[in-house]
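Asks: Below: one structure in structure tokens.
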Amino acid sequence: MNTTQLLLDFEHRPALGAEDFLVAPCNSDAVAWIDRWPDWPSPALFLHGPAGCGKSHLAQVFQAKTNAVAITTMELTRNDPPALLAGAGACLLDDLDGAFDKHDKDGLEVALLHLYNTVREAGATMMMTGRVPPSRWPLQLADLSSRLKTATVAEIGPPDDALLAAVLVKQFADRQLKIDSDVVAFVQLRIERSFAALEKLVDAVDKMAMLEKRRITVPLVRQVLHDLNKADE
């Protein structure tokens, strides 16, 4: 299969700017819920999955579709939720469970409960993302736990081989670079299954190819992977 066909096999979804989001089995449930907005059974949608699976990218898709107000956890703990929502029909909180490691846990729980109630009373919606679903959070506030149990939850899995290959081709294409199918096959067998790892590799390969004025070949990619692995040791 040629690299052009790899991209044609996936449905493209506009994100921000020139980016596209590729829909695949690992993320189709999450995409379907965003497509259904605002026809949700609950005011809240929670997307969860491992680092680099595309949660933040889908959060950008949601924000572009709904004009959602992006709220950081720091803003949430320091401001009144109605003021943060500011009459918007939707809001977005990205990497929410990771924030519990960085902020006063009790204060964040109270603020999140207040925001949830504000969203519900306003007839608005909120989307949250995190590594694990709220059911696995060690919450102390019973009311917050009860509210989050009503949220719609969708999981995003790691990319499969087909999606990994398509995203790899696309990331190079976004830089006006073409790669051959043997390079794609080589990378598939040797890289961590995450979009973050792909982006890091593509950036490093692009820089080395320009610096050394070389085509993007298996030997060049092998050298880049070796250098990246050595740097991580």
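Following the order of the structure tokens, chains are lettered A, B, ..., residues in each are numbered from 1, and ligands are numbered from 1.
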Considering only C-alpha atoms, return as a VMD selection string whatever protein or nucleic-acid residues lie within 8 Å of Ala151 of chain A, sequence-local ones (same chain, fewer than 6 positions apart) excluded.

Replies: chain A and resid 42 to 46

Asks: Take the residues that were just selected and, keeping C-alpha atoms, output them as a compact mmCIF listing (two decimals), in the first residue's frame.

Replies:
```txt
# COMPACT_ATOMS: atom_id res chain seq x y z
CA SER A 42 -25.67 14.56 30.60
CA PRO A 43 -24.23 18.08 30.84
CA ALA A 44 -20.73 16.60 30.94
CA LEU A 45 -18.54 14.45 28.69
CA PHE A 46 -15.30 12.95 29.97
```

Asks: Excluding Val183 of chain A and any residue of its chain fewer than 3 positions from it, enumerate the residues within 7 Å of it, using only C-alpha atoms, and give them as a list in words.

Replies: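 Non-adjacent residues within range: Ile179, Asp180, Phe186, Val187, Thr217 and Val218 of chain A.
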
Asks: Those same residues - N, CA and C atoms - I'd like them written as a short mmCIF file (atom, residue, chain, number, x, y, z; two decimals), in the first residue's frame.

Replies:
```cif
data_model
loop_
_atom_site.label_atom_id
_atom_site.label_comp_id
_atom_site.auth_asym_id
_atom_site.auth_seq_id
_atom_site.Cartn_x
_atom_site.Cartn_y
_atom_site.Cartn_z
N ILE A 179 7.57 10.46 2.60
CA ILE A 179 8.32 9.30 3.04
C ILE A 179 7.81 8.06 2.31
N ASP A 180 8.70 7.11 2.14
CA ASP A 180 8.34 5.87 1.45
C ASP A 180 7.75 4.86 2.43
N PHE A 186 9.20 0.52 8.99
CA PHE A 186 10.31 0.49 9.94
C PHE A 186 9.92 1.18 11.25
N VAL A 187 9.29 2.33 11.14
CA VAL A 187 8.90 3.09 12.33
C VAL A 187 7.83 2.34 13.13
N THR A 217 15.23 8.35 4.81
CA THR A 217 15.36 6.93 4.50
C THR A 217 15.40 6.13 5.80
N VAL A 218 15.36 4.81 5.67
CA VAL A 218 15.43 3.95 6.85
C VAL A 218 16.72 4.18 7.64
#
```

Asks: Rank A:Val202, A:Ala70, A:Ala24, A:Ala99 by their smallest atom-to-atom distance to Phe172 of chain A, using only C-alpha atoms, and report the top residue only.

Replies: A:Val202

Asks: Enumerate the residues of segment 1-122 of chain A with a DSSP assignment of strand (DSSP E or B), computed from the backbone, and present them as a count of residues only.

Replies: 19

Asks: Quick one: distance from atom CA of Cys53 of chain A to atom CA of Arg131 of chain A in Å, one decimal?

Replies: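 Here the two named atoms are 9.6 Å from each other.
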
Asks: So which residues of chain A fall under helix (DSSP H, G or I) by DSSP, listed as an MDAnalysis selection string?

Replies: chainID A and resid 3:8 28:36 55:66 73:78 81:85 96:99 105:122 134:136 142:149 161:174 181:188 195:212 218:232

Asks: Between atom CA of Asn229 of chain A and atom CA of Leu198 of chain A, what distance in Å does the model show, to one decimal?

Replies: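 Distance between the two atoms: 13.4 Å.
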
Asks: Using only C-alpha atoms, which residue out of A:Gln140, A:Thr150, A:Gln60, A:Asn27 lies closest to Glu109 of chain A?

Replies: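 Closest to Glu109 of chain A of all the choices is A:Gln140.
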
Asks: Name the closest residue to Gln63 of chain A among the candidates A:Ser28, A:Thr125, A:Ser181, A:Thr77; distances are taken between atoms, counting only C-alpha atoms.

Replies: A:Thr125

Asks: Which residue gives the smallest distance to Thr73 of chain A among A:Cys91, A:Val205, A:Ala165, A:Leu112, with only C-alpha atoms counted?

Replies: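 Result for the nearest residue to Thr73 of chain A: A:Leu112.
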
Asks: Report, in Å to a single decimal, how far apart atom CA of Met128 of chain A and atom CA of Asp94 of chain A are.

Replies: 5.7 Å

Asks: If we count only C-alpha atoms and set the cut-off at 12 Å, which residues sit around Pro25 of chain A, ignoring sequence neighbours fewer than 2 positions away in its own chain? Please answer as a ChimeraX atom specification.

Replies: /A:10-11,22-23,27-32,155-163

Asks: Can you pull out the residues contacting Val224 of chain A? Cut-off 9 Å, using only C-alpha atoms, and skip same-chain residues under 2 positions away; I want them as a PDB file with N, CA and C atoms, in the first residue's frame.

Replies:
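Output saved as selection.pdb:
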```
ATOM      1  N   LEU A 201       9.462  12.168  17.020  1.00  0.00           N
ATOM      2  CA  LEU A 201      10.295  11.534  16.000  1.00  0.00           C
ATOM      3  C   LEU A 201      10.301  12.343  14.711  1.00  0.00           C
ATOM      4  N   ALA A 204      12.464  15.406  14.979  1.00  0.00           N
ATOM      5  CA  ALA A 204      13.896  15.096  14.990  1.00  0.00           C
ATOM      6  C   ALA A 204      14.382  14.654  13.610  1.00  0.00           C
ATOM      7  N   VAL A 205      13.582  13.860  12.913  1.00  0.00           N
ATOM      8  CA  VAL A 205      13.952  13.415  11.563  1.00  0.00           C
ATOM      9  C   VAL A 205      14.023  14.602  10.609  1.00  0.00           C
ATOM     10  N   MET A 208      17.250  16.571  11.306  1.00  0.00           N
ATOM     11  CA  MET A 208      18.465  15.896  10.847  1.00  0.00           C
ATOM     12  C   MET A 208      18.539  15.879   9.321  1.00  0.00           C
ATOM     13  N   PRO A 219      17.898   4.270   6.997  1.00  0.00           N
ATOM     14  CA  PRO A 219      19.116   4.528   7.772  1.00  0.00           C
ATOM     15  C   PRO A 219      19.063   5.839   8.560  1.00  0.00           C
ATOM     16  N   LEU A 220      18.506   6.892   7.962  1.00  0.00           N
ATOM     17  CA  LEU A 220      18.409   8.166   8.678  1.00  0.00           C
ATOM     18  C   LEU A 220      17.473   8.032   9.875  1.00  0.00           C
ATOM     19  N   VAL A 221      16.326   7.407   9.678  1.00  0.00           N
ATOM     20  CA  VAL A 221      15.366   7.243  10.778  1.00  0.00           C
ATOM     21  C   VAL A 221      15.949   6.344  11.863  1.00  0.00           C
ATOM     22  N   ARG A 222      16.680   5.323  11.469  1.00  0.00           N
ATOM     23  CA  ARG A 222      17.325   4.445  12.448  1.00  0.00           C
ATOM     24  C   ARG A 222      18.287   5.243  13.331  1.00  0.00           C
ATOM     25  N   HIS A 226      17.908   5.934  17.369  1.00  0.00           N
ATOM     26  CA  HIS A 226      19.023   5.605  18.264  1.00  0.00           C
ATOM     27  C   HIS A 226      19.379   6.800  19.134  1.00  0.00           C
ATOM     28  N   ASP A 227      19.454   7.976  18.524  1.00  0.00           N
ATOM     29  CA  ASP A 227      19.799   9.186  19.275  1.00  0.00           C
ATOM     30  C   ASP A 227      18.724   9.526  20.308  1.00  0.00           C
ATOM     31  N   LEU A 228      17.452   9.378  19.930  1.00  0.00           N
ATOM     32  CA  LEU A 228      16.364   9.682  20.862  1.00  0.00           C
ATOM     33  C   LEU A 228      16.357   8.709  22.034  1.00  0.00           C
ATOM     34  N   ASN A 229      16.565   7.430  21.743  1.00  0.00           N
ATOM     35  CA  ASN A 229      16.587   6.431  22.813  1.00  0.00           C
ATOM     36  C   ASN A 229      17.765   6.651  23.754  1.00  0.00           C
TER      37      ASN A 229
END
```

Asks: Please identify all polymer residues within 9 Å of Phe62 of chain A, counting only C-alpha atoms, omitting same-chain residues fewer than 5 positions from it, and present them as a list in words.

Replies: Ala15, Ile34, Asp35, Trp37, His57, Asn67, Ala68, Leu92 and Met127 of chain A
